[in-house]
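Undergrad: Have a peek at final.pdb (PDB, C-alpha atoms).
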ATOM      1  CA  MET A   1      -3.923  -6.070  29.004
ATOM      2  CA  PHE A   2      -2.484  -4.505  25.847
ATOM      3  CA  LEU A   3       0.924  -5.319  27.330
ATOM      4  CA  VAL A   4       0.090  -9.038  27.372
ATOM      5  CA  ALA A   5      -0.935  -8.927  23.711
ATOM      6  CA  THR A   6       2.239  -6.982  22.830
ATOM      7  CA  ILE A   7       4.515  -9.459  24.621
ATOM      8  CA  SER A   8       2.776 -12.471  23.082
ATOM      9  CA  LEU A   9       3.084 -10.869  19.635
ATOM     10  CA  LEU A  10       6.826 -10.351  20.269
ATOM     11  CA  ILE A  11       7.241 -14.017  21.287
ATOM     12  CA  GLY A  12       5.375 -15.079  18.145
ATOM     13  CA  MET A  13       7.562 -12.820  15.999
ATOM     14  CA  VAL A  14      10.725 -14.405  17.434
ATOM     15  CA  LEU A  15       9.417 -17.934  16.750
ATOM     16  CA  VAL A  16       8.478 -17.010  13.184
ATOM     17  CA  LEU A  17      11.886 -15.375  12.643
ATOM     18  CA  VAL A  18      13.608 -18.610  13.674
ATOM     19  CA  ARG A  19      11.623 -20.406  10.990
ATOM     20  CA  LEU A  20      12.496 -17.629   8.541
ATOM     21  CA  PHE A  21      16.228 -18.093   9.104
ATOM     22  CA  PHE A  22      16.306 -21.909   9.240
ATOM     23  CA  GLY A  23      13.499 -22.773   6.794
ATOM     24  CA  PRO A  24      14.663 -25.587   4.517
ATOM     25  CA  THR A  25      12.776 -24.549   1.368
ATOM     26  CA  VAL A  26      12.101 -21.112  -0.051
ATOM     27  CA  TYR A  27       8.346 -21.559   0.499
ATOM     28  CA  ASP A  28       8.900 -21.979   4.233
ATOM     29  CA  ARG A  29      10.649 -18.628   4.190
ATOM     30  CA  VAL A  30       7.872 -16.949   2.206
ATOM     31  CA  LEU A  31       5.317 -18.398   4.632
ATOM     32  CA  ALA A  32       7.352 -17.056   7.543
ATOM     33  CA  VAL A  33       7.604 -13.604   5.940
ATOM     34  CA  ASN A  34       3.842 -13.561   5.391
ATOM     35  CA  ALA A  35       3.121 -14.586   8.986
ATOM     36  CA  PHE A  36       5.673 -12.031  10.206
ATOM     37  CA  GLY A  37       3.854  -9.304   8.267
ATOM     38  CA  THR A  38       0.555 -10.267   9.894
ATOM     39  CA  HIS A  39       2.290 -10.152  13.290
ATOM     40  CA  THR A  40       3.672  -6.723  12.483
ATOM     41  CA  VAL A  41       0.273  -5.308  11.485
ATOM     42  CA  LEU A  42      -1.199  -6.503  14.776
ATOM     43  CA  PHE A  43       1.856  -5.322  16.716
ATOM     44  CA  ILE A  44       1.648  -1.782  15.337
ATOM     45  CA  GLY A  45      -2.083  -1.626  16.107
ATOM     46  CA  VAL A  46      -1.716  -2.950  19.664
ATOM     47  CA  LEU A  47       1.300  -0.707  20.287
ATOM     48  CA  GLY A  48      -0.767   2.312  19.235
ATOM     49  CA  PHE A  49      -3.443   1.394  21.778
ATOM     50  CA  LEU A  50      -0.789   0.708  24.429
ATOM     51  CA  MET A  51       0.835   4.107  23.984
ATOM     52  CA  GLY A  52      -2.513   5.900  23.705
ATOM     53  CA  ARG A  53      -2.009   6.900  20.067
ATOM     54  CA  PRO A  54      -4.452   4.879  17.901
ATOM     55  CA  ASP A  55      -3.310   6.863  14.842
ATOM     56  CA  PHE A  56      -0.735   4.097  14.356
ATOM     57  CA  LEU A  57      -3.528   2.126  12.663
ATOM     58  CA  ASP A  58      -2.868   4.060   9.440
ATOM     59  CA  ILE A  59       0.682   2.657   9.435
ATOM     60  CA  ALA A  60      -0.717  -0.801  10.174
ATOM     61  CA  LEU A  61      -3.040  -0.576   7.165
ATOM     62  CA  LEU A  62      -0.141   0.555   4.969
ATOM     63  CA  TYR A  63       1.959  -2.346   6.218
ATOM     64  CA  ALA A  64      -0.854  -4.787   5.389
ATOM     65  CA  LEU A  65      -0.946  -3.459   1.814
ATOM     66  CA  ILE A  66       2.848  -3.717   1.393
ATOM     67  CA  ASN A  67       2.874  -7.214   2.923
ATOM     68  CA  PHE A  68       0.313  -8.552   0.442
ATOM     69  CA  VAL A  69       2.023  -7.010  -2.583
ATOM     70  CA  GLY A  70       5.437  -8.242  -1.382
ATOM     71  CA  THR A  71       4.293 -11.844  -0.920
ATOM     72  CA  ILE A  72       2.642 -11.990  -4.339
ATOM     73  CA  THR A  73       5.682 -10.373  -5.967
ATOM     74  CA  ILE A  74       8.166 -12.804  -4.393
ATOM     75  CA  LEU A  75       6.048 -15.795  -5.438
ATOM     76  CA  LYS A  76       5.705 -14.471  -8.976
ATOM     77  CA  PHE A  77       9.440 -13.883  -9.181
ATOM     78  CA  PHE A  78      10.234 -17.413  -8.083
ATOM     79  CA  LYS A  79       7.777 -18.816 -10.604
ATOM     80  CA  TYR A  80       8.620 -16.742 -13.716
ATOM     81  CA  ARG A  81      12.024 -15.236 -12.777
ATOM     82  CA  VAL A  82      10.724 -11.803 -13.896
ATOM     83  CA  ILE A  83       8.549  -9.321 -12.044
ATOM     84  CA  GLY A  84       6.921  -7.586 -15.023
ATOM     85  CA  ASP A  85       4.730  -9.172 -17.696
ATOM     86  CA  PRO A  86       6.093 -12.741 -17.866
ATOM     87  CA  HIS A  87       4.870 -13.730 -21.334
ATOM     88  CA  ARG A  88       6.208 -10.633 -23.059
ATOM     89  CA  ASP A  89       9.619 -10.914 -21.406
ATOM     90  CA  ILE A  90       9.897 -14.626 -22.214
ATOM     91  CA  GLU A  91       9.011 -13.922 -25.851
ATOM     92  CA  GLU A  92      11.596 -11.165 -25.989
ATOM     93  CA  ARG A  93      14.254 -13.435 -24.505
ATOM     94  CA  SER A  94      13.519 -16.356 -26.782
ATOM     95  CA  GLY A  95      12.964 -14.241 -29.898
TER      96      GLY A  95
ATOM     97  CA  MET B   1     -23.153   2.941  32.983
ATOM     98  CA  GLN B   2     -20.248   1.852  35.174
ATOM     99  CA  ASN B   3     -21.320  -1.760  34.845
ATOM    100  CA  LEU B   4     -21.590  -1.416  31.075
ATOM    101  CA  ASN B   5     -18.018  -0.124  30.788
ATOM    102  CA  PHE B   6     -16.836  -2.971  33.008
ATOM    103  CA  LEU B   7     -18.673  -5.455  30.772
ATOM    104  CA  PHE B   8     -17.026  -3.993  27.663
ATOM    105  CA  ASP B   9     -13.614  -4.194  29.359
ATOM    106  CA  ILE B  10     -14.194  -7.844  30.224
ATOM    107  CA  ILE B  11     -15.248  -8.646  26.655
ATOM    108  CA  SER B  12     -12.263  -6.891  25.078
ATOM    109  CA  TRP B  13      -9.780  -8.388  27.542
ATOM    110  CA  THR B  14     -11.128 -11.859  26.865
ATOM    111  CA  LEU B  15     -10.833 -11.317  23.113
ATOM    112  CA  LEU B  16      -7.297  -9.930  23.429
ATOM    113  CA  LEU B  17      -6.183 -12.833  25.629
ATOM    114  CA  ALA B  18      -7.736 -15.368  23.244
ATOM    115  CA  GLY B  19      -6.032 -13.687  20.285
ATOM    116  CA  SER B  20      -2.661 -13.704  22.051
ATOM    117  CA  PHE B  21      -3.103 -17.380  22.890
ATOM    118  CA  PHE B  22      -3.911 -18.349  19.316
ATOM    119  CA  ILE B  23      -1.076 -16.232  17.940
ATOM    120  CA  ILE B  24       1.451 -17.964  20.193
ATOM    121  CA  ILE B  25      -0.034 -21.348  19.248
ATOM    122  CA  GLY B  26       0.191 -20.574  15.526
ATOM    123  CA  SER B  27       3.738 -19.213  15.752
ATOM    124  CA  PHE B  28       4.862 -22.235  17.736
ATOM    125  CA  GLY B  29       3.277 -24.437  15.068
ATOM    126  CA  ILE B  30       5.194 -22.608  12.344
ATOM    127  CA  TYR B  31       8.370 -23.076  14.382
ATOM    128  CA  LYS B  32       7.887 -26.713  15.349
ATOM    129  CA  PHE B  33       5.972 -28.578  12.620
ATOM    130  CA  PRO B  34       8.073 -30.920  10.479
ATOM    131  CA  GLU B  35       7.232 -29.997   6.869
ATOM    132  CA  PHE B  36       5.819 -27.194   4.743
ATOM    133  CA  TRP B  37       2.161 -28.206   4.476
ATOM    134  CA  SER B  38       1.663 -28.651   8.197
ATOM    135  CA  ARG B  39       3.330 -25.247   8.740
ATOM    136  CA  LEU B  40       0.831 -23.792   6.276
ATOM    137  CA  GLN B  41      -1.983 -25.219   8.369
ATOM    138  CA  ALA B  42      -0.453 -23.723  11.517
ATOM    139  CA  SER B  43      -0.219 -20.278   9.929
ATOM    140  CA  SER B  44      -3.953 -20.391   9.146
ATOM    141  CA  VAL B  45      -4.563 -20.362  12.913
ATOM    142  CA  ILE B  46      -2.929 -16.924  13.055
ATOM    143  CA  ASP B  47      -4.721 -15.663   9.950
ATOM    144  CA  SER B  48      -8.181 -16.809  11.009
ATOM    145  CA  LEU B  49      -8.458 -16.846  14.802
ATOM    146  CA  GLY B  50      -5.713 -14.705  16.341
ATOM    147  CA  LEU B  51      -5.953 -11.790  13.931
ATOM    148  CA  TYR B  52      -9.717 -11.263  14.162
ATOM    149  CA  ALA B  53      -9.838 -11.889  17.903
ATOM    150  CA  ILE B  54      -7.258  -9.134  18.512
ATOM    151  CA  LEU B  55      -8.894  -6.746  16.016
ATOM    152  CA  LEU B  56     -12.304  -7.356  17.624
ATOM    153  CA  GLY B  57     -10.824  -6.791  21.066
ATOM    154  CA  LEU B  58      -9.309  -3.479  20.003
ATOM    155  CA  GLY B  59     -12.589  -2.482  18.343
ATOM    156  CA  VAL B  60     -14.611  -3.203  21.493
ATOM    157  CA  GLN B  61     -12.072  -1.212  23.491
ATOM    158  CA  SER B  62     -12.260   1.867  21.264
ATOM    159  CA  GLY B  63     -16.062   2.045  20.964
ATOM    160  CA  PHE B  64     -17.962   3.834  18.187
ATOM    161  CA  THR B  65     -15.187   6.095  16.906
ATOM    162  CA  PHE B  66     -13.204   6.584  13.732
ATOM    163  CA  VAL B  67     -10.578   4.187  15.102
ATOM    164  CA  THR B  68     -13.089   1.352  14.844
ATOM    165  CA  VAL B  69     -13.698   2.238  11.181
ATOM    166  CA  LYS B  70      -9.953   1.928  10.553
ATOM    167  CA  LEU B  71      -9.908  -1.426  12.373
ATOM    168  CA  ILE B  72     -12.825  -2.648  10.239
ATOM    169  CA  ILE B  73     -10.976  -1.526   7.089
ATOM    170  CA  ILE B  74      -7.831  -3.420   8.187
ATOM    171  CA  GLY B  75      -9.943  -6.495   8.987
ATOM    172  CA  LEU B  76     -11.741  -6.405   5.624
ATOM    173  CA  PHE B  77      -8.477  -5.986   3.730
ATOM    174  CA  LEU B  78      -6.795  -8.863   5.557
ATOM    175  CA  PHE B  79      -9.988 -10.930   5.088
ATOM    176  CA  LEU B  80      -9.516 -10.558   1.331
ATOM    177  CA  THR B  81      -5.725 -10.729   1.026
ATOM    178  CA  GLY B  82      -4.849 -13.405   3.617
ATOM    179  CA  PRO B  83      -6.510 -16.333   1.827
ATOM    180  CA  THR B  84      -5.318 -14.959  -1.522
ATOM    181  CA  SER B  85      -1.647 -14.945  -0.537
ATOM    182  CA  THR B  86      -1.942 -18.305   1.226
ATOM    183  CA  HIS B  87      -3.535 -19.832  -1.870
ATOM    184  CA  ALA B  88      -0.830 -18.352  -4.102
ATOM    185  CA  LEU B  89       1.860 -19.742  -1.785
ATOM    186  CA  ALA B  90       0.336 -23.238  -1.666
ATOM    187  CA  ASN B  91      -0.207 -23.214  -5.425
ATOM    188  CA  ALA B  92       3.385 -22.158  -6.132
ATOM    189  CA  ALA B  93       4.741 -24.818  -3.773
ATOM    190  CA  PHE B  94       2.551 -27.496  -5.361
ATOM    191  CA  ILE B  95       3.556 -26.521  -8.901
ATOM    192  CA  SER B  96       7.224 -26.559  -7.947
ATOM    193  CA  GLY B  97       6.936 -30.237  -7.018
ATOM    194  CA  LEU B  98       6.684 -30.056  -3.231
ATOM    195  CA  ARG B  99       4.325 -32.802  -2.029
ATOM    196  CA  PRO B 100       3.004 -33.775   1.413
ATOM    197  CA  GLU B 101       4.830 -36.757   2.879
ATOM    198  CA  GLU B 102       2.934 -40.010   2.601
ATOM    199  CA  LYS B 103       4.282 -41.473   5.829
ATOM    200  CA  PRO B 104       5.505 -38.829   8.258
ATOM    201  CA  GLU B 105       8.385 -39.956  10.423
ATOM    202  CA  THR B 106       7.512 -40.809  13.992
ATOM    203  CA  ASN B 107      10.096 -39.638  16.462
TER     204      ASN B 107
END
As a first step, turn the structure in this file into structure tokens.
TA:
Amino acid sequence: MFLVATISLLIGMVLVLVRLFFGPTVYDRVLAVNAFGTHTVLFIGVLGFLMGRPDFLDIALLYALINFVGTITILKFFKYRVIGDPHRDIEERSG
Amino acid sequence: MQNLNFLFDIISWTLLLAGSFFIIIGSFGIYKFPEFWSRLQASSVIDSLGLYAILLGLGVQSGFTFVTVKLIIIGLFLFLTGPTSTHALANAAFISGLRPEEKPETN
């Protein structure tokens, strides 16, 4: 039964990757990356149960953390064009 | 005791199958829907139904162990960060001038 969940997660990952490569706007791609990260968290967890090593859940938790930070960072970069403190960098550029 | 284990297996298998179903539905929606806002709505199916169904199924399968605590931690974290990142994405798209189509094309 874990095998069914693993295969369905793989099918979902392929569909989301197609959207990631062909997405017309950048927000479609960010949405696809976010959904792909959720798929990956679930895939690592289910794969740990399938192989009888549930310790993989630590890696899944780490991947969830990195996925959230990555999405927020990409969105902030596309909004302000800097990753650090936007107001200070804009003041330094203009002044 | 045998019947109880069988009952737990049935519950977890049902949850895992339901989660797989909703994940395929959500991914197909992301692949197939015509514009950004409808794709956003399709991805919420994954974030709300498929994710927690699969996590609950794994938790029922593992019983009262430390693995379930890790699953609950993953679920709580994704419960907080999933809507946050989706809101940030929708807000950034809206600020950048992307709007829902008034009359979607019928094909």
Undergrad: Could you tell me which residues the PyMOL selection byres ((chain B and resi 81) around 12) returns for this structure, as a ChimeraX atom specification?
TA: /A:34,38,64-72 /B:47-48,74-80,82-88
Undergrad: For a test of reading the model, state the distance in Å between CA of Leu42 (chain A) and CA of Leu17 (chain A), rounded to one decimal.
TA: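 Spanning CA of Leu42 (chain A) to CA of Leu17 (chain A) is a straight-line distance of 16.0 Å.
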Undergrad: Please write the residues picked by the PyMOL selection byres ((chain A and resi 59) around 12) on this file as a list in words.
TA: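 Applying the PyMOL selection byres ((chain A and resi 59) around 12) to the structure shown produces Thr40, Val41, Leu42, Phe43, Ile44, Gly45, Val46, Leu47, Gly48, Arg53, Pro54, Asp55, Phe56, Leu57, Asp58, Ala60, Leu61, Leu62, Tyr63, Ala64, Leu65 and Ile66 of chain A; Lys70, Leu71 and Ile74 of chain B.
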Undergrad: Between CA of Tyr52 (chain B) and CA of Gly19 (chain B), what is the distance, to one decimal in Å?
TA: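 CA of Tyr52 (chain B) sits 7.5 Å away from CA of Gly19 (chain B).
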Undergrad: Work out how far CA of Arg99 (chain B) is from CA of Lys79 (chain A), in Å to one decimal.
TA: 16.8 Å
Undergrad: Provide as a list in words the residues of chain B at most 7 Å from chain A, counting all atoms listed in the file.
TA: Trp13, Leu16, Leu17, Ser20, Ile23, Ile24, Ser27, Phe28, Ile30, Tyr31, Phe36, Ser43, Val67, Lys70, Ile74, Thr81, Ser85, Leu89, Ala92 and Ala93 of chain B
Undergrad: Ranking B:Ile25, B:Ile11, B:Ile95, B:Ala90 by minimum distance to Leu49 (chain B) and counting all atoms listed in the file, which one comes first?
TA: B:Ile25
Undergrad: Would you compute an axis-aligned box for region 6-25 of chain A, covering every atom listed for it in the file with 4 Å of margin on each side, and report centre and edge lengths in Å to one decimal as lines of an AutoDock Vina configuration file?
TA:
center_x = 9.3
center_y = -16.3
center_z = 13.0
size_x = 22.1
size_y = 26.6
size_z = 31.3
Undergrad: Could you check which of B:Asn3, B:Ser12, B:Ser38, B:Ser96 is closest to Gly26 (chain B), using only C-alpha atoms?
TA: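 Ranking B:Asn3, B:Ser12, B:Ser38, B:Ser96 by distance to Gly26 (chain B), first place goes to B:Ser38.
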Undergrad: Kindly indicate which residue among B:Phe22, B:Glu102, B:Leu7, B:Gly63 lies nearest to Ala42 (chain B), using all atoms listed in the file for the distances.
TA: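 For Ala42 (chain B), the nearest of the given residues is B:Phe22.
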Undergrad: Out of B:Leu40, B:Leu4, B:Gly50, B:Phe33, which residue has the shortest atom-to-atom distance to Ala18 (chain B) when counting only C-alpha atoms?
TA: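 When distances to Ala18 (chain B) are compared using only C-alpha atoms, the smallest one comes from B:Gly50.
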Undergrad: Considering only C-alpha atoms, can you say which of A:Leu3, A:Gly52, A:Phe21, A:Val82 comes closest to Val33 (chain A)?
TA: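 Checking each of A:Leu3, A:Gly52, A:Phe21, A:Val82 against Val33 (chain A), counting only C-alpha atoms, the winner is A:Phe21.
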Undergrad: Could I see region 23-34 of chain B restored to N, CA and C atoms, set down as a tab-separated table (two decimals), in the frame of the given file?
TA:
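So result.tsv came out as:
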chain	number	residue	atom	x	y	z
B	23	ILE	N	-2.25	-16.67	18.70
B	23	ILE	CA	-1.08	-16.23	17.94
B	23	ILE	C	0.16	-16.98	18.41
B	24	ILE	N	0.30	-17.19	19.72
B	24	ILE	CA	1.45	-17.96	20.19
B	24	ILE	C	1.36	-19.40	19.71
B	25	ILE	N	0.13	-19.97	19.73
B	25	ILE	CA	-0.03	-21.35	19.25
B	25	ILE	C	0.36	-21.46	17.78
B	26	GLY	N	-0.11	-20.51	16.95
B	26	GLY	CA	0.19	-20.57	15.53
B	26	GLY	C	1.67	-20.38	15.25
B	27	SER	N	2.31	-19.44	15.97
B	27	SER	CA	3.74	-19.21	15.75
B	27	SER	C	4.55	-20.42	16.18
B	28	PHE	N	4.15	-21.04	17.30
B	28	PHE	CA	4.86	-22.24	17.74
B	28	PHE	C	4.68	-23.37	16.73
B	29	GLY	N	3.48	-23.43	16.11
B	29	GLY	CA	3.28	-24.44	15.07
B	29	GLY	C	4.17	-24.19	13.87
B	30	ILE	N	4.30	-22.92	13.46
B	30	ILE	CA	5.19	-22.61	12.34
B	30	ILE	C	6.62	-22.98	12.70
B	31	TYR	N	7.00	-22.76	13.96
B	31	TYR	CA	8.37	-23.08	14.38
B	31	TYR	C	8.60	-24.58	14.46
B	32	LYS	N	7.63	-25.35	14.91
B	32	LYS	CA	7.89	-26.71	15.35
B	32	LYS	C	7.47	-27.79	14.34
B	33	PHE	N	6.50	-27.50	13.46
B	33	PHE	CA	5.97	-28.58	12.62
B	33	PHE	C	7.01	-29.05	11.61
B	34	PRO	N	6.94	-30.33	11.20
B	34	PRO	CA	8.07	-30.92	10.48
B	34	PRO	C	8.19	-30.52	9.01
